[in-house]
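J.: Please read through the structure below; I'll follow up with questions.
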Amino acid sequence: MRAALGKDMASGLIVPVAILLAWQALAWRAGTPLFPGPWQVSLSIWKLWPAITGQIGYTLMRAFAGFLVAAVLMIPLGILLGRLKTVGRIVEPMMDMLATLPPPAVVPIVMLFAGTGDIAKIVIIAYAAAVPLIMNTYEASKSLHLMANQVARSLRLTRLETMLHIDLPASLPMIATGLRLAIASALLVSVTSEMLLATNGIGVFIQRQQENFQIAGGLAAIAFISVIGLIINNLVFQLERRWLFWHYRSSESHSDG
Amino acid sequence: MSAGSLTSFSALHRLNAVVSFLVIAAAWQLVAISGVVPAKYFPDIPAIASAFWSMLASGELPGAELRTLTRALTGLAGASILGIGLAVLSDLSPVFRRGFAPVAALVQPIPPAALVPMAVFMLGLGPRLYAFIIILVTVWPPYFNGVAALAGVPGEQIRSGQMMALGRWQMLWQIKLPAALPEIFAGIRYASTISLIAVVVAEMLAGHDGLGFLLIRKAFAIRIPEVYALMFVCALNGILMNGIIGLLRWQLTGWHMRMTEQPA
């Protein structure tokens with residue numbers, strides 16, 4: 001069993017190693033510091049990691065703040081719109097339209113009202129995180145679980161009790177999906193916003209590296225972003241599984257049957 | 001659901017959209033007239049409309065729009081084909097699947113904006129830059145959905161294929177891919193939004209043409225009505241893109257939608 005596992009791991013390494021080797025070969029062929037290979041990038045990671053981790057701190061703080069603002073505002077709003085049928089129906093196409101507006105396109109307008117400081121970036125991040133949050137909460141609270149609500153009626157639950165014990169848990173999995181998407185897009189947009197409204201953070205760090213023709217340094221920073229993104233996405237996924245285990249358990253048993 | 005109720009459903013939906021649009025426009029106009037926000041930053045609807053019209057008449061907007069849409073669509077097409085190809089490869093070879101999964105997990109969280117400055121040096125400012133950025137960020141939804149859908153093809157279907165003595169490729173082409181296509185399309189639809197975002201970001205940061213570049217230029221020239229008009233065009237593009245994908249999906253997987261009775 002363990003030997004088989006080790007063999008699996010070893011065969012799993014073939015593709016990543018092949019990709020790294022191909023990249024290195026391309027870099028050698030190009031023979032210029034403007035096209036660094038994985039080797040130069042890892043040297044840069046070694047040299048630059050204190051600076052990178054410092055800058056990434058600013059980025060993560062703003063991403064978190066923007067996400068928090070979006071979550072606090074949009075989840076209640078989404079539930080409210082889902083409950084108020086008429087208002088929801090009027091607002092729905094508007095949400096669809098906002099959802100298709102790329103976050104970077106709002107940057108110029110945010111700049112007018114909030115300048116280029118932390119507030120402006122947090123507003124842009126909050127906008128980006130708001131879209132998946134409100135869409136998912138709205139959809140989740142719009143569609144009622146018919147059977148569960150009939151059970152609630154036969155148990156003579158009050159309206160508030162029904163909302164708390166039936167509707168809320170029923171809509172949680174979808175809200176959780178919204179949260180996961182929102183966190184991912186908050187991370188993405190935090191870097192974008194820094195590059196467009198430069199002050200500090202990892203996005204600015206990458207731009208400085210580019211201006212000094214330190215491509216390997218920039219790629220080192222990108223490597224950090226990608227690892228941190230991976231860790232955060234995994235963490236969110238694990239939390240979701242832990243807190244909504246009942247949902248996953250029931251949906252898995254359904255797919256088996 | 002019968003065909004009649006389907007059309008009435010979409011008619012109702014369209015009516016909603018019109019009502020919603022009118023409500024927003026009215027609210028916008030009220031705010032602009034009330035003067036709560038300085039008119040310089042928040043122009044009224046006629047000002048935005050005339051800015052839109054003048055950009056349209058000067059040929060600035062159609063040119064930029066055409067470039068941006070072409071980039072987004074070709075990038076999306078390339079990314080979808082590549083994503084499906086990678087998913088099929090993962091389905092055929094467990095070694096590739098195990099090896100490629102961590103690569104995908106690592107590359108996926110990289111923001112397109114971070115890639116632009118590096119890629120400018122490696123690939124220049126031409127179409128290769130756009131192709132690289134768009135494909136690198138939009139390939140994942142079709143790939144992930146493809147892997148999940150190909151792995152989730154019901155056992156009965158596979159066994160019926162085996163019973164008909166289908167070969168590996170026939171099995172893939174006639175049974176697995178059609179079964180996986182609806183889920184793959186859900187991924188492509190999601191990817192279409194990302195591809196638009198990636199194109200606009202790339203144009204904002206490195207471009208010399210296209211909607212993103214126009215947006216930045218107008219913003220720095222403080223032509224605020226033009227900026228709002230361009231944002232409106234960006235939002236319309238998203239709807240356009242969704243429409244194109246929806247049409248394609250209907251062509252390719254209409255049987256699935258008719259069977260599950262889901263309107264669009």
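In the structure tokens, the first chain shown is A, the next is B, and so on; residue numbers restart at 1 for each chain, and ligands run from 1 in the order shown.
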Wanna dump the chain B-chain A contacts at 7 Å for me, each residue with its shortest atom pair and the distance in Å to one decimal, counting only C-alpha atoms, ordered by chain and number, as CSV?
T.:
```
residue,atom,partner,partner_atom,distance
B:Asn16,CA,A:Ile90,CA,6.1
B:Ala17,CA,A:Pro93,CA,5.2
B:Val19,CA,A:Ile90,CA,6.7
B:Ser20,CA,A:Ile90,CA,4.9
B:Tyr41,CA,A:Leu112,CA,6.9
B:Val95,CA,A:Gly12,CA,5.7
B:Phe96,CA,A:Val15,CA,6.2
B:Arg98,CA,A:Gly12,CA,4.8
B:Gly99,CA,A:Gly12,CA,4.1
B:Phe100,CA,A:Val15,CA,6.2
B:Val103,CA,A:Pro16,CA,6.6
B:Ala105,CA,A:Leu230,CA,6.4
B:Leu106,CA,A:Ser226,CA,5.5
B:Val107,CA,A:Ser226,CA,6.3
B:Pro109,CA,A:Gly229,CA,5.3
B:Ile110,CA,A:Ser226,CA,5.3
B:Pro111,CA,A:Leu188,CA,4.9
B:Ala113,CA,A:Thr192,CA,5.1
B:Ala114,CA,A:Gly203,CA,6.5
B:Pro117,CA,A:Gln210,CA,6.2
B:Met118,CA,A:Ile215,CA,6.0
B:Phe121,CA,A:Leu34,CA,6.1
B:Met122,CA,A:Phe35,CA,5.6
B:Thr193,CA,A:Thr100,CA,6.6
B:Ile197,CA,A:Pro102,CA,5.1
B:Val201,CA,A:Pro104,CA,6.4
B:Ala219,CA,A:Pro108,CA,5.7
B:Met231,CA,A:Ala105,CA,6.2
B:Cys234,CA,A:Leu101,CA,5.7
B:Ala235,CA,A:Leu101,CA,4.3
B:Gly238,CA,A:Thr100,CA,4.6
B:Ile239,CA,A:Thr100,CA,6.7
```
J.: Which neighbours of Ile133 of chain B fall inside 10 Å, counting only C-alpha atoms, when residues of the same chain fewer than 2 positions from it are skipped, and could you give them as an MDAnalysis selection string?
T.: chainID B and resid 75 111:116 119 128:131 135:138 195 198:199 201:202
J.: Could you save the residues just selected, with C-alpha atoms, as a PDB file, in the first residue's frame?
T.:
```
ATOM      1  CA  GLY B  75      -8.612  33.953 -26.306  1.00  0.00           C
ATOM      2  CA  PRO B 111      -3.842  37.589 -11.035  1.00  0.00           C
ATOM      3  CA  PRO B 112      -3.676  38.585 -14.713  1.00  0.00           C
ATOM      4  CA  ALA B 113      -2.502  42.055 -13.688  1.00  0.00           C
ATOM      5  CA  ALA B 114       0.634  40.614 -12.087  1.00  0.00           C
ATOM      6  CA  LEU B 115       1.502  38.730 -15.244  1.00  0.00           C
ATOM      7  CA  VAL B 116       1.252  41.693 -17.601  1.00  0.00           C
ATOM      8  CA  ALA B 119       4.932  39.048 -20.001  1.00  0.00           C
ATOM      9  CA  ARG B 128       1.034  37.024 -28.255  1.00  0.00           C
ATOM     10  CA  LEU B 129       0.809  38.978 -24.998  1.00  0.00           C
ATOM     11  CA  TYR B 130      -2.986  38.975 -25.035  1.00  0.00           C
ATOM     12  CA  ALA B 131      -3.171  35.335 -26.042  1.00  0.00           C
ATOM     13  CA  ILE B 135      -5.316  31.680 -21.924  1.00  0.00           C
ATOM     14  CA  LEU B 136      -3.390  31.494 -18.691  1.00  0.00           C
ATOM     15  CA  VAL B 137      -6.315  32.871 -16.678  1.00  0.00           C
ATOM     16  CA  THR B 138      -9.298  31.428 -18.570  1.00  0.00           C
ATOM     17  CA  SER B 195     -11.538  36.588 -20.320  1.00  0.00           C
ATOM     18  CA  ALA B 198      -8.265  39.855 -18.387  1.00  0.00           C
ATOM     19  CA  VAL B 199      -8.394  41.654 -21.738  1.00  0.00           C
ATOM     20  CA  VAL B 201      -6.745  44.670 -17.480  1.00  0.00           C
ATOM     21  CA  ALA B 202      -4.060  43.858 -20.025  1.00  0.00           C
TER      22      ALA B 202
END
```
J.: Report the residues of segment 104-172 of chain B whose backbone DSSP state falls under helix (DSSP H, G or I), written as a PyMOL selection string.
T.: chain B and resi 104-107+112-123+127-138+140-151+155-163+168-172
J.: Write out, as a compact mmCIF listing (two decimals), in the first residue's frame, the residues just selected, with N, CA and C atoms.
T.:
```
# COMPACT_ATOMS: atom_id res chain seq x y z
N ALA B 104 -1.90 23.22 -11.93
CA ALA B 104 -3.12 24.01 -12.11
C ALA B 104 -3.44 24.77 -10.83
N ALA B 105 -3.32 24.09 -9.68
CA ALA B 105 -3.65 24.73 -8.41
C ALA B 105 -2.74 25.90 -8.12
N LEU B 106 -1.48 25.82 -8.61
CA LEU B 106 -0.53 26.90 -8.35
C LEU B 106 -0.71 28.08 -9.32
N VAL B 107 -1.00 27.77 -10.57
CA VAL B 107 -1.07 28.84 -11.56
C VAL B 107 -2.41 29.58 -11.45
N PRO B 112 -4.17 38.19 -13.39
CA PRO B 112 -3.68 38.59 -14.71
C PRO B 112 -2.85 39.86 -14.67
N ALA B 113 -3.22 40.79 -13.76
CA ALA B 113 -2.50 42.06 -13.69
C ALA B 113 -1.03 41.84 -13.36
N ALA B 114 -0.75 40.85 -12.49
CA ALA B 114 0.63 40.61 -12.09
C ALA B 114 1.45 40.06 -13.25
N LEU B 115 0.77 39.35 -14.14
CA LEU B 115 1.50 38.73 -15.24
C LEU B 115 1.88 39.74 -16.32
N VAL B 116 1.05 40.79 -16.47
CA VAL B 116 1.25 41.69 -17.60
C VAL B 116 2.67 42.27 -17.66
N PRO B 117 3.18 42.88 -16.58
CA PRO B 117 4.49 43.51 -16.72
C PRO B 117 5.59 42.53 -17.07
N MET B 118 5.53 41.32 -16.52
CA MET B 118 6.55 40.32 -16.83
C MET B 118 6.42 39.86 -18.28
N ALA B 119 5.16 39.61 -18.67
CA ALA B 119 4.93 39.05 -20.00
C ALA B 119 5.28 40.05 -21.09
N VAL B 120 5.20 41.34 -20.78
CA VAL B 120 5.55 42.36 -21.77
C VAL B 120 6.98 42.15 -22.25
N PHE B 121 7.86 41.85 -21.30
CA PHE B 121 9.27 41.67 -21.67
C PHE B 121 9.49 40.36 -22.40
N MET B 122 8.76 39.32 -21.95
CA MET B 122 9.01 38.02 -22.54
C MET B 122 8.34 37.88 -23.91
N LEU B 123 7.20 38.55 -24.09
CA LEU B 123 6.41 38.31 -25.31
C LEU B 123 6.16 39.56 -26.13
N PRO B 127 -0.13 40.56 -30.22
CA PRO B 127 -1.21 39.62 -29.92
C PRO B 127 -0.76 38.46 -29.04
N ARG B 128 0.57 38.14 -29.09
CA ARG B 128 1.03 37.02 -28.26
C ARG B 128 0.82 37.31 -26.78
N LEU B 129 1.00 38.59 -26.39
CA LEU B 129 0.81 38.98 -25.00
C LEU B 129 -0.63 38.70 -24.56
N TYR B 130 -1.58 39.17 -25.39
CA TYR B 130 -2.99 38.97 -25.04
C TYR B 130 -3.34 37.50 -24.99
N ALA B 131 -2.86 36.76 -26.00
CA ALA B 131 -3.17 35.33 -26.04
C ALA B 131 -2.66 34.65 -24.78
N PHE B 132 -1.43 34.97 -24.40
CA PHE B 132 -0.82 34.33 -23.23
C PHE B 132 -1.61 34.64 -21.96
N ILE B 133 -1.88 35.94 -21.74
CA ILE B 133 -2.58 36.36 -20.51
C ILE B 133 -3.97 35.73 -20.45
N ILE B 134 -4.72 35.84 -21.55
CA ILE B 134 -6.10 35.34 -21.51
C ILE B 134 -6.12 33.84 -21.30
N ILE B 135 -5.28 33.14 -22.04
CA ILE B 135 -5.32 31.68 -21.92
C ILE B 135 -4.89 31.25 -20.53
N LEU B 136 -3.88 31.91 -20.00
CA LEU B 136 -3.39 31.49 -18.69
C LEU B 136 -4.44 31.71 -17.59
N VAL B 137 -5.31 32.69 -17.74
CA VAL B 137 -6.32 32.87 -16.68
C VAL B 137 -7.65 32.22 -17.00
N THR B 138 -7.97 31.97 -18.29
CA THR B 138 -9.30 31.43 -18.57
C THR B 138 -9.31 29.93 -18.83
N TRP B 140 -8.68 27.56 -16.81
CA TRP B 140 -8.97 26.71 -15.65
C TRP B 140 -10.42 26.29 -15.50
N PRO B 141 -11.40 27.20 -15.63
CA PRO B 141 -12.78 26.69 -15.46
C PRO B 141 -13.15 25.56 -16.42
N PRO B 142 -12.85 25.67 -17.76
CA PRO B 142 -13.18 24.52 -18.61
C PRO B 142 -12.38 23.28 -18.21
N TYR B 143 -11.13 23.46 -17.79
CA TYR B 143 -10.31 22.31 -17.41
C TYR B 143 -10.86 21.62 -16.17
N PHE B 144 -11.09 22.40 -15.11
CA PHE B 144 -11.57 21.79 -13.86
C PHE B 144 -12.93 21.13 -14.06
N ASN B 145 -13.84 21.85 -14.71
CA ASN B 145 -15.16 21.27 -14.96
C ASN B 145 -15.05 20.04 -15.85
N GLY B 146 -14.15 20.10 -16.84
CA GLY B 146 -13.98 18.97 -17.73
C GLY B 146 -13.49 17.73 -17.00
N VAL B 147 -12.49 17.91 -16.13
CA VAL B 147 -11.96 16.77 -15.38
C VAL B 147 -13.06 16.17 -14.51
N ALA B 148 -13.80 17.04 -13.80
CA ALA B 148 -14.85 16.55 -12.91
C ALA B 148 -15.94 15.85 -13.70
N ALA B 149 -16.32 16.44 -14.85
CA ALA B 149 -17.44 15.88 -15.60
C ALA B 149 -17.05 14.56 -16.26
N LEU B 150 -15.81 14.48 -16.78
CA LEU B 150 -15.38 13.24 -17.42
C LEU B 150 -15.28 12.11 -16.41
N ALA B 151 -14.87 12.48 -15.18
CA ALA B 151 -14.77 11.46 -14.14
C ALA B 151 -16.16 11.05 -13.65
N GLY B 155 -21.80 5.25 -14.61
CA GLY B 155 -21.28 3.93 -14.92
C GLY B 155 -22.10 3.18 -15.94
N GLU B 156 -23.43 3.39 -15.92
CA GLU B 156 -24.28 2.65 -16.88
C GLU B 156 -23.90 3.01 -18.31
N GLN B 157 -23.64 4.32 -18.52
CA GLN B 157 -23.31 4.77 -19.87
C GLN B 157 -22.00 4.16 -20.34
N ILE B 158 -21.01 4.15 -19.41
CA ILE B 158 -19.72 3.55 -19.76
C ILE B 158 -19.91 2.08 -20.10
N ARG B 159 -20.71 1.38 -19.26
CA ARG B 159 -20.89 -0.05 -19.48
C ARG B 159 -21.64 -0.32 -20.79
N SER B 160 -22.60 0.56 -21.11
CA SER B 160 -23.27 0.32 -22.41
C SER B 160 -22.29 0.50 -23.54
N GLY B 161 -21.36 1.46 -23.39
CA GLY B 161 -20.34 1.65 -24.41
C GLY B 161 -19.46 0.42 -24.53
N GLN B 162 -19.09 -0.14 -23.38
CA GLN B 162 -18.25 -1.34 -23.40
C GLN B 162 -18.99 -2.49 -24.06
N MET B 163 -20.31 -2.53 -23.81
CA MET B 163 -21.11 -3.60 -24.38
C MET B 163 -21.12 -3.51 -25.89
N ARG B 168 -11.28 3.06 -27.18
CA ARG B 168 -11.01 4.13 -26.24
C ARG B 168 -11.46 5.49 -26.79
N TRP B 169 -11.11 5.74 -28.06
CA TRP B 169 -11.42 7.04 -28.64
C TRP B 169 -12.91 7.19 -28.93
N GLN B 170 -13.50 6.06 -29.43
CA GLN B 170 -14.93 6.10 -29.69
C GLN B 170 -15.69 6.37 -28.39
N MET B 171 -15.24 5.72 -27.33
CA MET B 171 -15.87 5.90 -26.02
C MET B 171 -15.81 7.37 -25.63
N LEU B 172 -14.63 7.95 -25.81
CA LEU B 172 -14.44 9.35 -25.44
C LEU B 172 -15.33 10.25 -26.28
```
J.: Just the number, please: distance in Å from atom CA of Leu82 of chain B to atom CA of Lys176 of chain B, one decimal.
T.: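 Result for atom CA of Leu82 of chain B versus atom CA of Lys176 of chain B: 17.3 Å, one decimal.
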